[in-house]
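Only one structure is covered here, and it is reproduced in the block below.
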Amino acid sequence: MPLSNTLIRVDADLTAGRVPMARQRLRGLVSSFPHDLTLRRRLAEVYRLYGDAAEAGRWMYLEEDRDADETAAFEERYGSPGWRMKALAWRGPEALAGAAVAEERLVAVRTARAEELGRPVDWDDPASYGEDADEEYEAPDGGSRFTAVVVAIGAFLGLSVTVGIWIRGVIALFE
C-alpha cells in the first residue's frame, strides 16, 4: 500500500478513535521509511495520546523542537547508547536525515556507542547495538517478574483444575 494511502488510513483510525491501529500503521511506516522525520513526529503524537512520554521522546529525538521532559524519559528508559541506537530504528548513514539537528543527534548516539565498545559501529549492523541492547532492555510493556510469576501460577492452577475435571469425568464413565 502506498505511503499516502496508509496515512489516510492513519487519519481515519485516529478520527474513529482507533489509536492502537493508527500506532501500528505508523510503526510499520517508520520501519519502512526510517529516514522520514515527519512519520516519526506523527508517531510521537500518537504516543502522546497514550501519555507515554518516553516513546514520544523516542520518536521526537531527532527533532529540533523536541520536548525536554520527553527526551529525558526516553534517555532514562533506553539507558545506554546501544539501547538508543536500537530504539531509534535508524538505517543507513546519518546524512539521510535531511536535517542538521537530526544528523548531529544520530552521530552523537553512534559515537557514544562506538566509545563504549572501543570500535566503530554502524546503524545497519545489529552487532553495533551490542548484546546489552538485546539482553538487558526490558520492553516498556514487558511488565515485571512478579507479574510473570503470578500469570504462570494462574495458568498452572487453571490447567490443573481442567485436568482434574477431565479425570473425574473419565472415572465417572466407568462407575
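The way I read the labels, and the way they are meant: chains A, B, ... in the order of the C-alpha cells, residue 1 as the first residue of every chain, and ligand 1 as the first ligand shown, with later ones counted on from there.
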Open item on the list: Please list as a list of chain:residue names every residue within 10 Å of Thr6 in chain A, counting only C-alpha atoms and excluding residues in the same chain fewer than 3 positions away.
Closed with: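 Neighbouring residues, sequence-local ones excluded: A:Met1, A:Pro2, A:Leu3, A:Arg9, A:Val10, A:Asp11, A:Ala12, A:Ala22, A:Arg25, A:Leu26, A:Gly28, A:Leu29.
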Residues of range 66-100 of chain A that have any atom at most 9 Å from an atom of range 36-48 of chain A: could you tabulate them with the shortest-distance atom pair and the distance in Å to one decimal, using only C-alpha atoms, ordered by chain and increasing number, as a tab-separated table?
```
residue	atom	partner	partner_atom	distance
A:Ala97	CA	A:Leu37	CA	7.3
A:Gly98	CA	A:Leu37	CA	8.6
A:Ala99	CA	A:Leu37	CA	8.9
```
Write out the residues from the selection above, keeping N, CA and C atoms, as a PDB file, in the first residue's frame.
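The result, stored in selection_21.pdb:
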```
ATOM      1  N   ALA A  97      19.164  11.870   7.078  1.00  0.00           N
ATOM      2  CA  ALA A  97      18.174  12.516   7.938  1.00  0.00           C
ATOM      3  C   ALA A  97      17.610  13.779   7.289  1.00  0.00           C
ATOM      4  N   GLY A  98      18.417  14.451   6.498  1.00  0.00           N
ATOM      5  CA  GLY A  98      17.930  15.638   5.807  1.00  0.00           C
ATOM      6  C   GLY A  98      17.828  16.871   6.671  1.00  0.00           C
ATOM      7  N   ALA A  99      18.195  16.784   7.912  1.00  0.00           N
ATOM      8  CA  ALA A  99      18.173  17.932   8.821  1.00  0.00           C
ATOM      9  C   ALA A  99      19.445  17.889   9.666  1.00  0.00           C
TER      10      ALA A  99
END
```
Task: Nearby residues (only C-alpha atoms) at most 8 Å from Tyr61 in chain A, same-chain spacing under 3 positions excluded, as a list in words - done: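 With the cut-off at 8 Å, the set is Gly57, Arg58, Arg66, Thr71, Ala102 and Arg105 of chain A.
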Those same residues - N, CA and C atoms - I'd like them written as a PDB file, in the first residue's frame.
```pdb
ATOM      1  N   GLY A  57       9.207  10.792  23.279  1.00  0.00           N
ATOM      2  CA  GLY A  57      10.576  11.299  23.221  1.00  0.00           C
ATOM      3  C   GLY A  57      11.445  10.498  22.280  1.00  0.00           C
ATOM      4  N   ARG A  58      11.190   9.207  22.218  1.00  0.00           N
ATOM      5  CA  ARG A  58      11.940   8.333  21.304  1.00  0.00           C
ATOM      6  C   ARG A  58      11.756   8.776  19.857  1.00  0.00           C
ATOM      7  N   ARG A  66      12.043  19.166  20.040  1.00  0.00           N
ATOM      8  CA  ARG A  66      11.644  18.082  20.942  1.00  0.00           C
ATOM      9  C   ARG A  66      11.434  18.618  22.353  1.00  0.00           C
ATOM     10  N   THR A  71      12.338  13.820  26.119  1.00  0.00           N
ATOM     11  CA  THR A  71      13.696  13.360  25.803  1.00  0.00           C
ATOM     12  C   THR A  71      14.330  12.705  27.023  1.00  0.00           C
ATOM     13  N   ALA A 102      19.012  16.542  13.289  1.00  0.00           N
ATOM     14  CA  ALA A 102      18.812  15.085  13.329  1.00  0.00           C
ATOM     15  C   ALA A 102      20.129  14.371  13.065  1.00  0.00           C
ATOM     16  N   ARG A 105      22.382  14.518  16.153  1.00  0.00           N
ATOM     17  CA  ARG A 105      21.931  13.642  17.241  1.00  0.00           C
ATOM     18  C   ARG A 105      22.223  12.179  16.923  1.00  0.00           C
TER      19      ARG A 105
END
```
Give me, as an mmCIF file with all heavy atoms, in the first residue's frame, the residues of range 31-101 of chain A that a backbone DSSP run labels alpha helix (DSSP H).
```cif
data_model
loop_
_atom_site.group_PDB
_atom_site.id
_atom_site.type_symbol
_atom_site.label_atom_id
_atom_site.label_comp_id
_atom_site.auth_asym_id
_atom_site.auth_seq_id
_atom_site.Cartn_x
_atom_site.Cartn_y
_atom_site.Cartn_z
ATOM 1 N N SER A 31 9.206 1.903 10.125
ATOM 2 C CA SER A 31 10.095 0.789 9.810
ATOM 3 C C SER A 31 10.443 0.766 8.324
ATOM 4 O O SER A 31 11.579 0.504 7.944
ATOM 5 C CB SER A 31 9.432 -0.523 10.218
ATOM 6 O OG SER A 31 10.247 -1.613 9.886
ATOM 7 N N SER A 32 9.468 1.052 7.484
ATOM 8 C CA SER A 32 9.685 1.051 6.036
ATOM 9 C C SER A 32 10.389 2.303 5.540
ATOM 10 O O SER A 32 11.119 2.266 4.551
ATOM 11 C CB SER A 32 8.351 0.923 5.310
ATOM 12 O OG SER A 32 7.735 -0.296 5.616
ATOM 13 N N LEU A 37 11.337 11.946 8.822
ATOM 14 C CA LEU A 37 11.170 12.536 10.152
ATOM 15 C C LEU A 37 9.715 12.927 10.423
ATOM 16 O O LEU A 37 9.285 12.944 11.581
ATOM 17 C CB LEU A 37 12.087 13.742 10.312
ATOM 18 C CG LEU A 37 13.589 13.456 10.160
ATOM 19 C CD1 LEU A 37 14.399 14.730 10.370
ATOM 20 C CD2 LEU A 37 14.047 12.364 11.110
ATOM 21 N N THR A 38 8.945 13.196 9.380
ATOM 22 C CA THR A 38 7.536 13.533 9.555
ATOM 23 C C THR A 38 6.753 12.341 10.121
ATOM 24 O O THR A 38 5.897 12.508 10.990
ATOM 25 C CB THR A 38 6.914 13.971 8.207
ATOM 26 O OG1 THR A 38 7.700 15.036 7.685
ATOM 27 C CG2 THR A 38 5.488 14.424 8.373
ATOM 28 N N LEU A 39 7.080 11.142 9.648
ATOM 29 C CA LEU A 39 6.419 9.947 10.183
ATOM 30 C C LEU A 39 6.775 9.746 11.645
ATOM 31 O O LEU A 39 5.920 9.364 12.457
ATOM 32 C CB LEU A 39 6.817 8.715 9.372
ATOM 33 C CG LEU A 39 6.340 8.674 7.925
ATOM 34 C CD1 LEU A 39 6.927 7.457 7.213
ATOM 35 C CD2 LEU A 39 4.822 8.672 7.861
ATOM 36 N N ARG A 40 8.026 9.989 11.994
ATOM 37 C CA ARG A 40 8.451 9.859 13.390
ATOM 38 C C ARG A 40 7.683 10.852 14.271
ATOM 39 O O ARG A 40 7.259 10.520 15.375
ATOM 40 C CB ARG A 40 9.960 10.077 13.512
ATOM 41 C CG ARG A 40 10.763 8.936 12.913
ATOM 42 C CD ARG A 40 12.255 9.278 12.834
ATOM 43 N NE ARG A 40 12.993 8.152 12.319
ATOM 44 C CZ ARG A 40 13.604 7.239 13.075
ATOM 45 N NH1 ARG A 40 13.578 7.333 14.382
ATOM 46 N NH2 ARG A 40 14.234 6.231 12.522
ATOM 47 N N ARG A 41 7.513 12.065 13.773
ATOM 48 C CA ARG A 41 6.771 13.090 14.521
ATOM 49 C C ARG A 41 5.315 12.644 14.713
ATOM 50 O O ARG A 41 4.757 12.770 15.796
ATOM 51 C CB ARG A 41 6.831 14.418 13.771
ATOM 52 C CG ARG A 41 6.053 15.542 14.443
ATOM 53 C CD ARG A 41 6.161 16.841 13.669
ATOM 54 N NE ARG A 41 7.468 17.414 13.765
ATOM 55 C CZ ARG A 41 7.876 18.207 14.758
ATOM 56 N NH1 ARG A 41 7.054 18.478 15.748
ATOM 57 N NH2 ARG A 41 9.085 18.699 14.772
ATOM 58 N N ARG A 42 4.688 12.105 13.678
ATOM 59 C CA ARG A 42 3.301 11.641 13.785
ATOM 60 C C ARG A 42 3.186 10.514 14.801
ATOM 61 O O ARG A 42 2.236 10.449 15.578
ATOM 62 C CB ARG A 42 2.779 11.160 12.427
ATOM 63 C CG ARG A 42 2.755 12.219 11.365
ATOM 64 C CD ARG A 42 1.445 12.743 10.876
ATOM 65 N NE ARG A 42 0.203 12.143 11.192
ATOM 66 C CZ ARG A 42 -0.659 11.673 10.295
ATOM 67 N NH1 ARG A 42 -0.356 11.699 9.015
ATOM 68 N NH2 ARG A 42 -1.806 11.199 10.670
ATOM 69 N N LEU A 43 4.178 9.614 14.799
ATOM 70 C CA LEU A 43 4.158 8.511 15.764
ATOM 71 C C LEU A 43 4.300 9.047 17.187
ATOM 72 O O LEU A 43 3.631 8.576 18.109
ATOM 73 C CB LEU A 43 5.266 7.505 15.433
ATOM 74 C CG LEU A 43 5.306 6.231 16.258
ATOM 75 C CD1 LEU A 43 3.972 5.504 16.260
ATOM 76 C CD2 LEU A 43 6.410 5.319 15.735
ATOM 77 N N ALA A 44 5.128 10.059 17.368
ATOM 78 C CA ALA A 44 5.267 10.684 18.688
ATOM 79 C C ALA A 44 3.932 11.270 19.152
ATOM 80 O O ALA A 44 3.557 11.150 20.325
ATOM 81 C CB ALA A 44 6.340 11.768 18.652
ATOM 82 N N GLU A 45 3.203 11.891 18.238
ATOM 83 C CA GLU A 45 1.900 12.454 18.581
ATOM 84 C C GLU A 45 0.935 11.364 19.052
ATOM 85 O O GLU A 45 0.165 11.572 19.985
ATOM 86 C CB GLU A 45 1.317 13.194 17.378
ATOM 87 C CG GLU A 45 2.075 14.460 17.028
ATOM 88 C CD GLU A 45 1.697 15.041 15.666
ATOM 89 O OE1 GLU A 45 0.785 14.493 15.000
ATOM 90 O OE2 GLU A 45 2.327 16.035 15.277
ATOM 91 N N VAL A 46 0.982 10.202 18.426
ATOM 92 C CA VAL A 46 0.119 9.095 18.837
ATOM 93 C C VAL A 46 0.510 8.619 20.234
ATOM 94 O O VAL A 46 -0.353 8.362 21.080
ATOM 95 C CB VAL A 46 0.164 7.947 17.802
ATOM 96 C CG1 VAL A 46 -0.503 6.698 18.348
ATOM 97 C CG2 VAL A 46 -0.496 8.389 16.505
ATOM 98 N N TYR A 47 1.807 8.517 20.498
ATOM 99 C CA TYR A 47 2.229 8.091 21.833
ATOM 100 C C TYR A 47 1.848 9.121 22.892
ATOM 101 O O TYR A 47 1.627 8.764 24.055
ATOM 102 C CB TYR A 47 3.724 7.789 21.867
ATOM 103 C CG TYR A 47 4.020 6.373 21.424
ATOM 104 C CD1 TYR A 47 4.584 6.114 20.184
ATOM 105 C CD2 TYR A 47 3.702 5.296 22.236
ATOM 106 C CE1 TYR A 47 4.842 4.811 19.773
ATOM 107 C CE2 TYR A 47 3.944 3.997 21.842
ATOM 108 C CZ TYR A 47 4.511 3.766 20.612
ATOM 109 O OH TYR A 47 4.739 2.479 20.215
ATOM 110 N N ARG A 48 1.753 10.382 22.523
ATOM 111 C CA ARG A 48 1.274 11.383 23.473
ATOM 112 C C ARG A 48 -0.173 11.111 23.852
ATOM 113 O O ARG A 48 -0.577 11.380 24.985
ATOM 114 C CB ARG A 48 1.423 12.785 22.880
ATOM 115 C CG ARG A 48 2.839 13.273 22.894
ATOM 116 C CD ARG A 48 2.937 14.749 22.490
ATOM 117 N NE ARG A 48 4.331 15.046 22.274
ATOM 118 C CZ ARG A 48 4.880 15.249 21.068
ATOM 119 N NH1 ARG A 48 4.130 15.234 19.984
ATOM 120 N NH2 ARG A 48 6.163 15.490 20.962
ATOM 121 N N LEU A 49 -0.960 10.583 22.908
ATOM 122 C CA LEU A 49 -2.345 10.228 23.221
ATOM 123 C C LEU A 49 -2.401 9.136 24.289
ATOM 124 O O LEU A 49 -3.341 9.073 25.068
ATOM 125 C CB LEU A 49 -3.070 9.752 21.954
ATOM 126 C CG LEU A 49 -3.262 10.804 20.859
ATOM 127 C CD1 LEU A 49 -3.865 10.159 19.610
ATOM 128 C CD2 LEU A 49 -4.129 11.949 21.341
ATOM 129 N N TYR A 50 -1.402 8.275 24.308
ATOM 130 C CA TYR A 50 -1.290 7.226 25.331
ATOM 131 C C TYR A 50 -0.732 7.767 26.643
ATOM 132 O O TYR A 50 -0.758 7.084 27.649
ATOM 133 C CB TYR A 50 -0.337 6.116 24.857
ATOM 134 C CG TYR A 50 -0.917 5.131 23.886
ATOM 135 C CD1 TYR A 50 -0.528 5.144 22.552
ATOM 136 C CD2 TYR A 50 -1.824 4.167 24.297
ATOM 137 C CE1 TYR A 50 -1.038 4.227 21.650
ATOM 138 C CE2 TYR A 50 -2.338 3.247 23.400
ATOM 139 C CZ TYR A 50 -1.945 3.285 22.075
ATOM 140 O OH TYR A 50 -2.457 2.379 21.196
ATOM 141 N N ALA A 53 5.402 9.384 27.598
ATOM 142 C CA ALA A 53 6.409 10.409 27.305
ATOM 143 C C ALA A 53 7.700 9.810 26.754
ATOM 144 O O ALA A 53 8.332 10.394 25.867
ATOM 145 C CB ALA A 53 6.705 11.226 28.562
ATOM 146 N N ALA A 54 8.093 8.645 27.251
ATOM 147 C CA ALA A 54 9.353 8.035 26.800
ATOM 148 C C ALA A 54 9.286 7.666 25.326
ATOM 149 O O ALA A 54 10.236 7.891 24.569
ATOM 150 C CB ALA A 54 9.694 6.812 27.640
ATOM 151 N N GLU A 55 8.155 7.098 24.896
ATOM 152 C CA GLU A 55 8.025 6.734 23.485
ATOM 153 C C GLU A 55 7.829 7.970 22.607
ATOM 154 O O GLU A 55 8.327 8.019 21.485
ATOM 155 C CB GLU A 55 6.894 5.733 23.276
ATOM 156 C CG GLU A 55 7.204 4.359 23.819
ATOM 157 C CD GLU A 55 8.459 3.737 23.208
ATOM 158 O OE1 GLU A 55 8.527 3.581 21.974
ATOM 159 O OE2 GLU A 55 9.375 3.408 23.970
ATOM 160 N N ALA A 56 7.135 8.970 23.115
ATOM 161 C CA ALA A 56 7.027 10.230 22.366
ATOM 162 C C ALA A 56 8.420 10.840 22.212
ATOM 163 O O ALA A 56 8.787 11.319 21.131
ATOM 164 C CB ALA A 56 6.089 11.196 23.079
ATOM 165 N N GLY A 57 9.207 10.792 23.279
ATOM 166 C CA GLY A 57 10.576 11.299 23.221
ATOM 167 C C GLY A 57 11.445 10.498 22.280
ATOM 168 O O GLY A 57 12.336 11.043 21.611
ATOM 169 N N ARG A 58 11.190 9.207 22.218
ATOM 170 C CA ARG A 58 11.940 8.333 21.304
ATOM 171 C C ARG A 58 11.756 8.776 19.857
ATOM 172 O O ARG A 58 12.703 8.888 19.099
ATOM 173 C CB ARG A 58 11.438 6.898 21.479
ATOM 174 C CG ARG A 58 11.948 5.901 20.479
ATOM 175 C CD ARG A 58 11.263 4.559 20.694
ATOM 176 N NE ARG A 58 11.747 3.534 19.795
ATOM 177 C CZ ARG A 58 11.284 2.300 19.766
ATOM 178 N NH1 ARG A 58 10.320 1.940 20.612
ATOM 179 N NH2 ARG A 58 11.766 1.424 18.918
ATOM 180 N N TRP A 59 10.510 9.014 19.487
ATOM 181 C CA TRP A 59 10.228 9.336 18.090
ATOM 182 C C TRP A 59 10.433 10.808 17.761
ATOM 183 O O TRP A 59 10.513 11.172 16.584
ATOM 184 C CB TRP A 59 8.832 8.839 17.720
ATOM 185 C CG TRP A 59 8.776 7.358 17.902
ATOM 186 C CD1 TRP A 59 8.066 6.664 18.838
ATOM 187 C CD2 TRP A 59 9.519 6.375 17.171
ATOM 188 N NE1 TRP A 59 8.323 5.313 18.727
ATOM 189 C CE2 TRP A 59 9.207 5.104 17.708
ATOM 190 C CE3 TRP A 59 10.429 6.432 16.110
ATOM 191 C CZ2 TRP A 59 9.757 3.915 17.232
ATOM 192 C CZ3 TRP A 59 10.974 5.253 15.626
ATOM 193 C CH2 TRP A 59 10.630 4.016 16.189
ATOM 194 N N MET A 60 10.558 11.663 18.774
ATOM 195 C CA MET A 60 10.870 13.087 18.546
ATOM 196 C C MET A 60 12.352 13.378 18.780
ATOM 197 O O MET A 60 12.783 14.517 18.663
ATOM 198 C CB MET A 60 10.039 13.970 19.488
ATOM 199 C CG MET A 60 8.600 14.119 19.086
ATOM 200 S SD MET A 60 8.366 15.044 17.559
ATOM 201 C CE MET A 60 8.838 16.697 18.065
ATOM 202 N N ALA A 68 11.872 18.567 26.280
ATOM 203 C CA ALA A 68 12.969 18.152 27.178
ATOM 204 C C ALA A 68 12.544 17.021 28.119
ATOM 205 O O ALA A 68 13.322 16.100 28.377
ATOM 206 C CB ALA A 68 13.473 19.346 27.977
ATOM 207 N N ASP A 69 11.308 17.080 28.618
ATOM 208 C CA ASP A 69 10.840 16.032 29.531
ATOM 209 C C ASP A 69 10.684 14.698 28.806
ATOM 210 O O ASP A 69 11.027 13.643 29.334
ATOM 211 C CB ASP A 69 9.508 16.426 30.178
ATOM 212 C CG ASP A 69 9.663 17.587 31.146
ATOM 213 O OD1 ASP A 69 10.775 17.780 31.689
ATOM 214 O OD2 ASP A 69 8.669 18.313 31.360
ATOM 215 N N GLU A 70 10.162 14.739 27.584
ATOM 216 C CA GLU A 70 10.034 13.511 26.801
ATOM 217 C C GLU A 70 11.404 12.936 26.453
ATOM 218 O O GLU A 70 11.609 11.725 26.512
ATOM 219 C CB GLU A 70 9.252 13.789 25.513
ATOM 220 C CG GLU A 70 7.791 14.084 25.750
ATOM 221 C CD GLU A 70 7.051 14.474 24.485
ATOM 222 O OE1 GLU A 70 7.687 14.700 23.429
ATOM 223 O OE2 GLU A 70 5.809 14.551 24.551
ATOM 224 N N THR A 71 12.338 13.820 26.119
ATOM 225 C CA THR A 71 13.696 13.360 25.803
ATOM 226 C C THR A 71 14.330 12.705 27.023
ATOM 227 O O THR A 71 14.945 11.642 26.909
ATOM 228 C CB THR A 71 14.563 14.536 25.309
ATOM 229 O OG1 THR A 71 13.961 15.084 24.132
ATOM 230 C CG2 THR A 71 15.976 14.093 25.006
ATOM 231 N N ALA A 72 14.154 13.326 28.182
ATOM 232 C CA ALA A 72 14.714 12.758 29.416
ATOM 233 C C ALA A 72 14.080 11.400 29.715
ATOM 234 O O ALA A 72 14.772 10.462 30.125
ATOM 235 C CB ALA A 72 14.499 13.720 30.582
ATOM 236 N N ALA A 73 12.774 11.272 29.487
ATOM 237 C CA ALA A 73 12.094 9.993 29.721
ATOM 238 C C ALA A 73 12.614 8.928 28.754
ATOM 239 O O ALA A 73 12.843 7.777 29.154
ATOM 240 C CB ALA A 73 10.583 10.161 29.556
ATOM 241 N N PHE A 74 12.822 9.300 27.501
ATOM 242 C CA PHE A 74 13.376 8.367 26.515
ATOM 243 C C PHE A 74 14.774 7.931 26.946
ATOM 244 O O PHE A 74 15.090 6.731 26.949
ATOM 245 C CB PHE A 74 13.430 9.028 25.139
ATOM 246 C CG PHE A 74 14.306 8.305 24.143
ATOM 247 C CD1 PHE A 74 13.939 7.061 23.648
ATOM 248 C CD2 PHE A 74 15.496 8.858 23.712
ATOM 249 C CE1 PHE A 74 14.746 6.388 22.737
ATOM 250 C CE2 PHE A 74 16.305 8.202 22.803
ATOM 251 C CZ PHE A 74 15.934 6.960 22.319
ATOM 252 N N GLU A 75 15.626 8.879 27.308
ATOM 253 C CA GLU A 75 17.001 8.548 27.681
ATOM 254 C C GLU A 75 17.066 7.718 28.952
ATOM 255 O O GLU A 75 17.958 6.888 29.109
ATOM 256 C CB GLU A 75 17.824 9.826 27.811
ATOM 257 C CG GLU A 75 18.073 10.486 26.463
ATOM 258 C CD GLU A 75 18.798 11.813 26.550
ATOM 259 O OE1 GLU A 75 18.809 12.451 27.636
ATOM 260 O OE2 GLU A 75 19.351 12.238 25.513
ATOM 261 N N GLU A 76 16.093 7.904 29.837
ATOM 262 C CA GLU A 76 16.054 7.084 31.053
ATOM 263 C C GLU A 76 15.619 5.656 30.722
ATOM 264 O O GLU A 76 16.199 4.692 31.204
ATOM 265 C CB GLU A 76 15.092 7.699 32.070
ATOM 266 C CG GLU A 76 15.059 6.946 33.375
ATOM 267 C CD GLU A 76 14.135 7.591 34.388
ATOM 268 O OE1 GLU A 76 13.876 8.806 34.298
ATOM 269 O OE2 GLU A 76 13.669 6.863 35.287
ATOM 270 N N ARG A 77 14.584 5.522 29.898
ATOM 271 C CA ARG A 77 14.088 4.193 29.543
ATOM 272 C C ARG A 77 15.124 3.415 28.736
ATOM 273 O O ARG A 77 15.297 2.222 28.925
ATOM 274 C CB ARG A 77 12.788 4.292 28.753
ATOM 275 C CG ARG A 77 12.232 2.905 28.396
ATOM 276 C CD ARG A 77 10.888 2.972 27.733
ATOM 277 N NE ARG A 77 9.858 3.361 28.700
ATOM 278 C CZ ARG A 77 8.618 3.665 28.357
ATOM 279 N NH1 ARG A 77 8.259 3.633 27.087
ATOM 280 N NH2 ARG A 77 7.735 3.999 29.267
ATOM 281 N N PRO A 81 23.723 3.993 25.074
ATOM 282 C CA PRO A 81 23.735 4.322 23.643
ATOM 283 C C PRO A 81 23.358 3.136 22.752
ATOM 284 O O PRO A 81 22.728 3.326 21.708
ATOM 285 C CB PRO A 81 25.179 4.763 23.391
ATOM 286 C CG PRO A 81 25.641 5.284 24.709
ATOM 287 C CD PRO A 81 24.973 4.391 25.728
ATOM 288 N N GLY A 82 23.696 1.923 23.151
ATOM 289 C CA GLY A 82 23.312 0.746 22.371
ATOM 290 C C GLY A 82 21.800 0.579 22.323
ATOM 291 O O GLY A 82 21.227 0.291 21.277
ATOM 292 N N TRP A 83 21.153 0.761 23.475
ATOM 293 C CA TRP A 83 19.701 0.673 23.517
ATOM 294 C C TRP A 83 19.094 1.776 22.665
ATOM 295 O O TRP A 83 18.112 1.564 21.971
ATOM 296 C CB TRP A 83 19.185 0.816 24.926
ATOM 297 C CG TRP A 83 19.493 -0.339 25.827
ATOM 298 C CD1 TRP A 83 20.029 -1.559 25.494
ATOM 299 C CD2 TRP A 83 19.293 -0.371 27.223
ATOM 300 N NE1 TRP A 83 20.157 -2.323 26.614
ATOM 301 C CE2 TRP A 83 19.725 -1.626 27.686
ATOM 302 C CE3 TRP A 83 18.809 0.546 28.136
ATOM 303 C CZ2 TRP A 83 19.662 -1.981 29.022
ATOM 304 C CZ3 TRP A 83 18.747 0.194 29.467
ATOM 305 C CH2 TRP A 83 19.172 -1.072 29.902
ATOM 306 N N ARG A 84 19.672 2.980 22.765
ATOM 307 C CA ARG A 84 19.136 4.104 21.996
ATOM 308 C C ARG A 84 19.293 3.870 20.504
ATOM 309 O O ARG A 84 18.387 4.198 19.729
ATOM 310 C CB ARG A 84 19.816 5.408 22.412
ATOM 311 C CG ARG A 84 19.396 5.841 23.788
ATOM 312 C CD ARG A 84 19.959 7.184 24.183
ATOM 313 N NE ARG A 84 19.811 7.308 25.624
ATOM 314 C CZ ARG A 84 20.776 7.631 26.460
ATOM 315 N NH1 ARG A 84 21.969 7.926 25.997
ATOM 316 N NH2 ARG A 84 20.553 7.687 27.741
ATOM 317 N N MET A 85 20.433 3.311 20.093
ATOM 318 C CA MET A 85 20.610 3.002 18.670
ATOM 319 C C MET A 85 19.509 2.059 18.199
ATOM 320 O O MET A 85 18.890 2.275 17.164
ATOM 321 C CB MET A 85 21.982 2.366 18.407
ATOM 322 C CG MET A 85 23.117 3.344 18.298
ATOM 323 S SD MET A 85 24.665 2.548 17.809
ATOM 324 C CE MET A 85 24.366 2.244 16.060
ATOM 325 N N LYS A 86 19.265 1.042 18.973
ATOM 326 C CA LYS A 86 18.244 0.059 18.604
ATOM 327 C C LYS A 86 16.858 0.705 18.609
ATOM 328 O O LYS A 86 16.060 0.493 17.702
ATOM 329 C CB LYS A 86 18.291 -1.117 19.571
ATOM 330 C CG LYS A 86 17.396 -2.253 19.172
ATOM 331 C CD LYS A 86 17.627 -3.466 20.025
ATOM 332 C CE LYS A 86 16.802 -4.630 19.508
ATOM 333 N NZ LYS A 86 17.097 -5.848 20.216
ATOM 334 N N ALA A 87 16.579 1.504 19.622
ATOM 335 C CA ALA A 87 15.265 2.134 19.755
ATOM 336 C C ALA A 87 14.984 3.132 18.636
ATOM 337 O O ALA A 87 13.853 3.240 18.172
ATOM 338 C CB ALA A 87 15.154 2.831 21.108
ATOM 339 N N LEU A 88 15.995 3.840 18.198
ATOM 340 C CA LEU A 88 15.782 4.839 17.154
ATOM 341 C C LEU A 88 15.480 4.219 15.795
ATOM 342 O O LEU A 88 14.933 4.881 14.921
ATOM 343 C CB LEU A 88 16.993 5.779 17.061
ATOM 344 C CG LEU A 88 17.130 6.752 18.232
ATOM 345 C CD1 LEU A 88 18.449 7.502 18.160
ATOM 346 C CD2 LEU A 88 15.957 7.717 18.277
ATOM 347 N N ALA A 100 20.078 19.023 9.791
ATOM 348 C CA ALA A 100 21.357 19.087 10.511
ATOM 349 C C ALA A 100 21.213 18.624 11.956
ATOM 350 O O ALA A 100 22.076 17.896 12.468
ATOM 351 C CB ALA A 100 21.919 20.504 10.454
ATOM 352 N N VAL A 101 20.146 19.028 12.623
ATOM 353 C CA VAL A 101 19.949 18.648 14.025
ATOM 354 C C VAL A 101 19.812 17.135 14.153
ATOM 355 O O VAL A 101 20.434 16.514 15.020
ATOM 356 C CB VAL A 101 18.707 19.358 14.612
ATOM 357 C CG1 VAL A 101 18.363 18.817 15.978
ATOM 358 C CG2 VAL A 101 18.933 20.853 14.676
#
```
- [ ] Do a neighbour search on Asp13 in chain A at 10 Å with only C-alpha atoms, toss out local chain neighbours closer than 6 positions, and write the hits as an NGL selection string.
- [x] :A and (7 or 19-23 or 25)
Task: Residue nearest Glu104 in chain A - candidates A:Val151, A:Ala89, A:Val121, A:Leu62, atoms counted: only C-alpha atoms - done: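 Residue with the minimum atom-to-atom distance to Glu104 in chain A: A:Leu62.
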Open item on the list: Using only C-alpha atoms for the distances, tell me which of A:Gln24, A:Ala152, A:Trp90, A:Pro34 is nearest to Val109 in chain A.
Closed with: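 With only C-alpha atoms as the atom set, the closest residue is A:Trp90.
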Task: Thr111 in chain A surroundings by only C-alpha atoms, 9 Å radius, close-in-sequence under 4 positions cut, as a ChimeraX atom specification - done: /A:81,106-107,115-116,120-121
Include N, CA and C atoms and write out the residues we just selected as a PDB file, in the first residue's frame.
```
ATOM      1  N   PRO A  81      23.723   3.993  25.074  1.00  0.00           N
ATOM      2  CA  PRO A  81      23.735   4.322  23.643  1.00  0.00           C
ATOM      3  C   PRO A  81      23.358   3.136  22.752  1.00  0.00           C
ATOM      4  N   LEU A 106      22.025  11.792  15.673  1.00  0.00           N
ATOM      5  CA  LEU A 106      22.347  10.423  15.280  1.00  0.00           C
ATOM      6  C   LEU A 106      23.841  10.148  15.416  1.00  0.00           C
ATOM      7  N   VAL A 107      24.645  11.095  14.986  1.00  0.00           N
ATOM      8  CA  VAL A 107      26.105  10.945  15.100  1.00  0.00           C
ATOM      9  C   VAL A 107      26.493  10.846  16.570  1.00  0.00           C
ATOM     10  N   GLU A 115      32.397   4.643  21.377  1.00  0.00           N
ATOM     11  CA  GLU A 115      33.307   4.863  22.505  1.00  0.00           C
ATOM     12  C   GLU A 115      33.125   3.789  23.567  1.00  0.00           C
ATOM     13  N   GLU A 116      31.881   3.387  23.819  1.00  0.00           N
ATOM     14  CA  GLU A 116      31.628   2.308  24.783  1.00  0.00           C
ATOM     15  C   GLU A 116      32.293   1.012  24.347  1.00  0.00           C
ATOM     16  N   PRO A 120      34.515   1.113  15.838  1.00  0.00           N
ATOM     17  CA  PRO A 120      33.464   1.774  15.046  1.00  0.00           C
ATOM     18  C   PRO A 120      32.178   0.955  15.036  1.00  0.00           C
ATOM     19  N   VAL A 121      31.070   1.639  14.978  1.00  0.00           N
ATOM     20  CA  VAL A 121      29.773   0.980  14.894  1.00  0.00           C
ATOM     21  C   VAL A 121      29.001   1.552  13.715  1.00  0.00           C
TER      22      VAL A 121
END
```
